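Participant: Input data-v8.cif, format and content: mmCIF, C-alpha atoms and all ligand atoms.
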data_query
loop_
_atom_site.group_PDB
_atom_site.id
_atom_site.type_symbol
_atom_site.label_atom_id
_atom_site.label_comp_id
_atom_site.auth_asym_id
_atom_site.auth_seq_id
_atom_site.Cartn_x
_atom_site.Cartn_y
_atom_site.Cartn_z
ATOM 1 C CA MET A 182 70.731 112.460 8.993
ATOM 2 C CA GLU A 183 72.982 115.171 7.556
ATOM 3 C CA PRO A 184 73.171 115.428 3.774
ATOM 4 C CA PRO A 185 76.611 114.613 2.421
ATOM 5 C CA ALA A 186 78.615 117.208 0.501
ATOM 6 C CA VAL A 187 78.518 115.205 -2.717
ATOM 7 C CA CYS A 188 75.876 113.324 -4.672
ATOM 8 C CA GLN A 189 75.920 109.661 -3.655
ATOM 9 C CA THR A 190 75.294 108.650 -7.243
ATOM 10 C CA CYS A 191 77.638 110.791 -9.361
ATOM 11 C CA ARG A 192 79.886 112.162 -6.594
ATOM 12 C CA ARG A 193 79.664 115.732 -7.826
ATOM 13 C CA PRO A 194 79.507 118.480 -5.203
ATOM 14 C CA ALA A 195 76.142 119.987 -4.293
ATOM 15 C CA THR A 196 76.362 123.279 -6.141
ATOM 16 C CA GLN A 197 73.317 125.494 -6.459
ATOM 17 C CA ASN A 198 72.377 124.679 -10.040
ATOM 18 C CA ARG A 199 72.403 120.948 -9.376
ATOM 19 C CA LEU A 200 69.615 121.220 -6.853
ATOM 20 C CA ASP A 201 66.678 122.379 -8.970
ATOM 21 C CA TYR A 202 64.426 119.804 -10.514
ATOM 22 C CA ARG A 203 61.115 119.651 -12.300
ATOM 23 C CA ARG A 204 58.118 118.136 -10.602
ATOM 24 C CA GLY A 205 55.131 118.248 -12.887
ATOM 25 C CA ASP A 206 54.988 121.832 -14.130
ATOM 26 C CA ALA A 207 56.820 123.310 -11.183
ATOM 27 C CA ILE A 208 60.537 123.786 -10.624
ATOM 28 C CA VAL A 209 61.379 122.576 -7.153
ATOM 29 C CA HIS A 210 64.426 123.865 -5.351
ATOM 30 C CA ASN A 211 66.133 121.862 -2.662
ATOM 31 C CA PRO A 212 68.682 123.648 -0.484
ATOM 32 C CA ASN A 213 70.640 120.455 -0.031
ATOM 33 C CA LEU A 214 71.063 117.278 -1.967
ATOM 34 C CA LEU A 215 67.777 115.556 -2.742
ATOM 35 C CA LEU A 216 66.772 112.749 -0.440
ATOM 36 C CA CYS A 217 65.229 109.611 -1.888
ATOM 37 C CA ASP A 218 61.886 109.024 -0.199
ATOM 38 C CA VAL A 219 62.397 105.273 -0.295
ATOM 39 C CA CYS A 220 65.986 104.395 0.620
ATOM 40 C CA GLU A 221 67.101 107.868 1.854
ATOM 41 C CA ARG A 222 70.122 108.120 -0.447
ATOM 42 C CA PHE A 223 71.055 111.675 -1.411
ATOM 43 C CA ALA A 224 71.582 112.758 -4.989
ATOM 44 C CA CYS A 225 71.692 115.912 -7.131
ATOM 45 C CA ALA A 226 69.092 117.112 -9.622
ATOM 46 C CA ASP A 227 71.415 116.160 -12.481
ATOM 47 C CA CYS A 228 70.854 112.550 -11.603
ATOM 48 C CA LEU A 229 67.113 113.166 -11.494
ATOM 49 C CA ARG A 230 67.261 114.234 -15.120
ATOM 50 C CA VAL A 231 68.981 111.002 -15.985
ATOM 51 C CA TYR A 232 66.938 108.733 -13.789
ATOM 52 C CA ALA A 233 63.173 108.517 -13.586
ATOM 53 C CA ILE A 234 61.107 110.607 -11.252
ATOM 54 C CA VAL A 235 58.093 108.731 -9.947
ATOM 55 C CA SER A 236 55.170 111.058 -9.428
ATOM 56 C CA ASP A 237 53.910 111.484 -5.869
ATOM 57 C CA TYR A 238 57.482 111.259 -4.669
ATOM 58 C CA ASP A 239 59.757 114.260 -4.291
ATOM 59 C CA PHE A 240 62.651 112.169 -5.420
ATOM 60 C CA VAL A 241 63.262 108.524 -6.063
ATOM 61 C CA CYS A 242 66.872 107.557 -6.752
ATOM 62 C CA HIS A 243 67.897 105.525 -9.789
ATOM 63 C CA GLU A 244 67.873 102.254 -7.882
ATOM 64 C CA CYS A 245 64.408 102.756 -6.457
ATOM 65 C CA ALA A 246 63.122 104.186 -9.757
ATOM 66 C CA ARG A 247 64.264 100.979 -11.448
ATOM 67 C CA GLU A 248 62.307 98.979 -8.894
ATOM 68 C CA PHE A 249 59.217 101.084 -9.587
ATOM 69 C CA ASP A 250 59.638 100.582 -13.335
ATOM 70 C CA ARG A 251 59.849 96.842 -12.849
ATOM 71 C CA ALA A 252 56.747 96.918 -10.670
ATOM 72 C CA ARG A 253 54.930 98.971 -13.331
ATOM 73 C CA LEU A 254 55.901 96.586 -16.118
ATOM 74 C CA HIS A 255 55.226 93.330 -14.310
ATOM 75 C CA GLY A 256 52.539 94.624 -11.982
ATOM 76 C CA GLY A 257 49.069 95.335 -13.158
ATOM 77 C CA HIS A 258 45.986 94.295 -11.332
HETATM 78 ZN ZN ZN A 301 66.190 105.136 -3.337
HETATM 79 ZN ZN ZN A 302 74.391 113.400 -9.068
#
Can you turn what I pasted into structure tokens?
Facilitator:
Amino acid sequence: MEPPAVCQTCRRPATQNRLDYRRGDAIVHNPNLLLCDVCERFACADCLRVYAIVSDYDFVCHECAREFDRARLHGGH
């Protein structure tokens, strides 16, 4: 699947400085828009700063991050 030219969340074009994001202590650079590991939507790093990053995933989009938050809150053992 080819990455689109714009973020599927905010619709901004994929310019260089939108594609760096923090993962733990490291800055990760993606050459293209970031691909959600769950639903495979593409989005820019700007959206990652707004929406939650779930550890162990390179990128989880805002919709999937919301699902993870719900699971964390209502989950448990
Ligand atoms: Zn997703
Ligand atoms: Zn975006």
Participant: Could you please extract the residues within 8 Å of ligand ZN 301 (chain A), counting all atoms listed in the file, and hand them back as number ranges by chain?
Facilitator: A: 217-222, 241-246
Participant: Within 8 Å of (72.5, 120.8, -1.6) in the file's own coordinates, which protein, DNA or RNA residues have an atom, counting all atoms listed in the file? List them as a compact mmCIF listing (two decimals) with C-alpha atoms, keeping the file's coordinate frame.
Facilitator:
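Written out: out-v4.txt:
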# COMPACT_ATOMS: atom_id res chain seq x y z
CA PRO A 184 73.17 115.43 3.77
CA ALA A 186 78.61 117.21 0.50
CA ALA A 195 76.14 119.99 -4.29
CA THR A 196 76.36 123.28 -6.14
CA GLN A 197 73.32 125.49 -6.46
CA ARG A 199 72.40 120.95 -9.38
CA LEU A 200 69.61 121.22 -6.85
CA ASN A 211 66.13 121.86 -2.66
CA PRO A 212 68.68 123.65 -0.48
CA ASN A 213 70.64 120.46 -0.03
CA LEU A 214 71.06 117.28 -1.97
CA LEU A 215 67.78 115.56 -2.74
CA CYS A 225 71.69 115.91 -7.13
Participant: Set the cut-off to 9 Å, count all atoms listed in the file, and list whatever residues fall near ligand ZN 302 (chain A) as a list in words.
Facilitator: Val187, Cys188, Gln189, Thr190, Cys191, Arg192, Arg193, Pro194, Ala195, Arg199, Leu214, Phe223, Ala224, Cys225, Ala226, Asp227, Cys228 and Leu229 of chain A
Participant: Just the number, please: distance in Å from CA of Gly205 (chain A) to CA of Tyr232 (chain A), one decimal.
Facilitator: 15.2 Å
Participant: Around all the atoms of region 240-257 of chain A listed in the file, with 5 Å of room on each side, what axis-aligned box do you get, giving centre and edge lengths in Å to one decimal, as AutoDock Vina command-line options?
Facilitator:
--center_x 58.5 --center_y 102.7 --center_z -10.8 --size_x 28.8 --size_y 28.8 --size_z 20.7
